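Engineer: Sharing a structure here in structure tokens format.
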Amino acid sequence: MKIIFSKGTRKYIEEKNIKALTVDMGLTGCCGVHGIVDPEVKIGVPDVGTYNLYKEDGLDIYVNKTLRFKDDTMTFVFNNFLFTKKLAVDGYDYD
């Protein structure tokens, strides 16, 4: 798995002293459609489940084994909404 950090994400992780991230399956709904899988980034080690562990410059990244990414590449980005900043990932393979 190739892991990319978009502009500012790596600095944010270092400033917040984050040592582990979990990328898991999140469910969203929109316009009457429910149950759309959208990867969710959480800070810390997962409680339970089956994950692949990737180590990237002192950061442990746990990725749910059922998630697939295009070209086996996951990019950490910011998901900005109003005045909040949240880590997210791009590259999920919806097929």
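Chain identifiers are assigned as A, B, and so on, following the order in which chains appear in the structure tokens; residues are numbered from 1 within each chain, and ligands are numbered from 1 in order of appearance.
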Run DSSP on the backbone and give me the residues of range 15-87 of chain A it puts in strand (DSSP E or B), as JSON, numbers by chain.
Structural biologist: {"A": [20, 21, 22, 23, 24, 25, 26, 27, 28, 29, 30, 33, 34, 35, 36, 37, 38, 39, 40, 41, 42, 43, 51, 52, 53, 54, 55, 56, 59, 60, 61, 62, 63, 64, 69, 73, 74, 75, 76, 77, 78, 79, 80, 81, 84, 85, 86, 87]}
Engineer: Apply DSSP to the structure's backbone, then extract all residues of chain A labelled helix (DSSP H, G or I) and return them as JSON, numbers by chain.
Structural biologist: {"A": [9, 10, 11, 12, 13, 14, 15, 70, 71, 72]}
Engineer: Identify, on the basis of only C-alpha atoms, every residue whose closest approach to Phe69 in chain A does not exceed 12 Å; exclude the query and any residue fewer than 2 positions from it along the same chain; express the result as an MDAnalysis selection string.
Structural biologist: chainID A and resid 1:3 23 38:39 63:67 71:75 89:95
Engineer: Atoms to include: N, CA and C atoms. Write the selected residues as a PDB file, in the first residue's frame.
Structural biologist:
```
ATOM      1  N   MET A   1       0.852  -1.185   0.000  1.00  0.00           N
ATOM      2  CA  MET A   1       0.000   0.000   0.000  1.00  0.00           C
ATOM      3  C   MET A   1       0.888   1.235   0.000  1.00  0.00           C
ATOM      4  N   LYS A   2       0.645   2.092  -0.954  1.00  0.00           N
ATOM      5  CA  LYS A   2       1.350   3.373  -1.007  1.00  0.00           C
ATOM      6  C   LYS A   2       0.521   4.387  -0.223  1.00  0.00           C
ATOM      7  N   ILE A   3       1.172   5.096   0.692  1.00  0.00           N
ATOM      8  CA  ILE A   3       0.484   6.070   1.526  1.00  0.00           C
ATOM      9  C   ILE A   3       1.051   7.451   1.231  1.00  0.00           C
ATOM     10  N   VAL A  23      -8.045   3.574   9.775  1.00  0.00           N
ATOM     11  CA  VAL A  23      -8.913   3.839   8.630  1.00  0.00           C
ATOM     12  C   VAL A  23      -9.908   2.688   8.594  1.00  0.00           C
ATOM     13  N   ASP A  38     -18.036   4.751   3.180  1.00  0.00           N
ATOM     14  CA  ASP A  38     -17.126   5.870   3.002  1.00  0.00           C
ATOM     15  C   ASP A  38     -16.062   5.738   4.084  1.00  0.00           C
ATOM     16  N   PRO A  39     -14.795   5.545   3.721  1.00  0.00           N
ATOM     17  CA  PRO A  39     -13.762   5.348   4.736  1.00  0.00           C
ATOM     18  C   PRO A  39     -13.721   6.493   5.741  1.00  0.00           C
ATOM     19  N   VAL A  63      -5.483  -0.200   8.730  1.00  0.00           N
ATOM     20  CA  VAL A  63      -6.471  -0.099   7.663  1.00  0.00           C
ATOM     21  C   VAL A  63      -7.323  -1.363   7.667  1.00  0.00           C
ATOM     22  N   ASN A  64      -8.629  -1.176   7.775  1.00  0.00           N
ATOM     23  CA  ASN A  64      -9.560  -2.301   7.744  1.00  0.00           C
ATOM     24  C   ASN A  64      -9.280  -3.149   6.508  1.00  0.00           C
ATOM     25  N   LYS A  65      -9.152  -4.465   6.702  1.00  0.00           N
ATOM     26  CA  LYS A  65      -8.776  -5.368   5.607  1.00  0.00           C
ATOM     27  C   LYS A  65      -9.798  -5.427   4.479  1.00  0.00           C
ATOM     28  N   THR A  66     -11.022  -5.005   4.728  1.00  0.00           N
ATOM     29  CA  THR A  66     -12.044  -5.063   3.683  1.00  0.00           C
ATOM     30  C   THR A  66     -12.002  -3.845   2.754  1.00  0.00           C
ATOM     31  N   LEU A  67     -11.276  -2.799   3.133  1.00  0.00           N
ATOM     32  CA  LEU A  67     -11.194  -1.602   2.297  1.00  0.00           C
ATOM     33  C   LEU A  67     -10.196  -1.805   1.164  1.00  0.00           C
ATOM     34  N   ASP A  71      -5.365   1.675  -7.356  1.00  0.00           N
ATOM     35  CA  ASP A  71      -3.913   1.590  -7.561  1.00  0.00           C
ATOM     36  C   ASP A  71      -3.168   1.323  -6.257  1.00  0.00           C
ATOM     37  N   ASP A  72      -3.861   0.716  -5.288  1.00  0.00           N
ATOM     38  CA  ASP A  72      -3.268   0.394  -3.990  1.00  0.00           C
ATOM     39  C   ASP A  72      -2.616   1.626  -3.357  1.00  0.00           C
ATOM     40  N   THR A  73      -3.284   2.788  -3.511  1.00  0.00           N
ATOM     41  CA  THR A  73      -2.766   4.060  -2.999  1.00  0.00           C
ATOM     42  C   THR A  73      -3.832   4.768  -2.165  1.00  0.00           C
ATOM     43  N   MET A  74      -3.452   5.163  -0.966  1.00  0.00           N
ATOM     44  CA  MET A  74      -4.346   5.878  -0.064  1.00  0.00           C
ATOM     45  C   MET A  74      -3.720   7.239   0.236  1.00  0.00           C
ATOM     46  N   THR A  75      -4.509   8.299   0.100  1.00  0.00           N
ATOM     47  CA  THR A  75      -4.009   9.652   0.333  1.00  0.00           C
ATOM     48  C   THR A  75      -4.753  10.284   1.500  1.00  0.00           C
ATOM     49  N   VAL A  89      -9.491  10.190   3.986  1.00  0.00           N
ATOM     50  CA  VAL A  89      -8.659   9.550   2.967  1.00  0.00           C
ATOM     51  C   VAL A  89      -9.340   9.613   1.606  1.00  0.00           C
ATOM     52  N   ASP A  90      -8.522   9.743   0.581  1.00  0.00           N
ATOM     53  CA  ASP A  90      -8.990   9.688  -0.804  1.00  0.00           C
ATOM     54  C   ASP A  90      -8.439   8.423  -1.444  1.00  0.00           C
ATOM     55  N   GLY A  91      -9.101   7.998  -2.490  1.00  0.00           N
ATOM     56  CA  GLY A  91      -8.615   6.867  -3.265  1.00  0.00           C
ATOM     57  C   GLY A  91      -9.387   5.585  -3.047  1.00  0.00           C
ATOM     58  N   TYR A  92     -10.466   5.625  -2.256  1.00  0.00           N
ATOM     59  CA  TYR A  92     -11.247   4.417  -2.020  1.00  0.00           C
ATOM     60  C   TYR A  92     -11.832   3.906  -3.324  1.00  0.00           C
ATOM     61  N   ASP A  93     -11.756   2.611  -3.523  1.00  0.00           N
ATOM     62  CA  ASP A  93     -12.281   1.976  -4.733  1.00  0.00           C
ATOM     63  C   ASP A  93     -13.732   1.562  -4.493  1.00  0.00           C
ATOM     64  N   TYR A  94     -14.669   2.323  -5.032  1.00  0.00           N
ATOM     65  CA  TYR A  94     -16.094   2.059  -4.814  1.00  0.00           C
ATOM     66  C   TYR A  94     -16.634   0.919  -5.675  1.00  0.00           C
ATOM     67  N   ASP A  95     -15.838   0.405  -6.584  1.00  0.00           N
ATOM     68  CA  ASP A  95     -16.298  -0.693  -7.447  1.00  0.00           C
ATOM     69  C   ASP A  95     -16.341  -2.008  -6.734  1.00  0.00           C
TER      70      ASP A  95
END
```
Engineer: With only C-alpha atoms as the counted atoms, please give the residues lying no more than 7 Å from range 5-9 of chain A, apart from itself and same-chain residues fewer than 5 positions off, as a ChimeraX atom specification.
Structural biologist: /A:75-78
Engineer: In Å, with one decimal, what is the gap from CA of Val45 in chain A to CA of Arg68 in chain A?
Structural biologist: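 One can read the CA of Val45 in chain A to CA of Arg68 in chain A distance as 19.7 Å.
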Engineer: How far is it from CA of Leu21 in chain A to CA of Glu40 in chain A, in Å with one decimal?
Structural biologist: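 Between CA of Leu21 in chain A and CA of Glu40 in chain A the gap is 10.2 Å.
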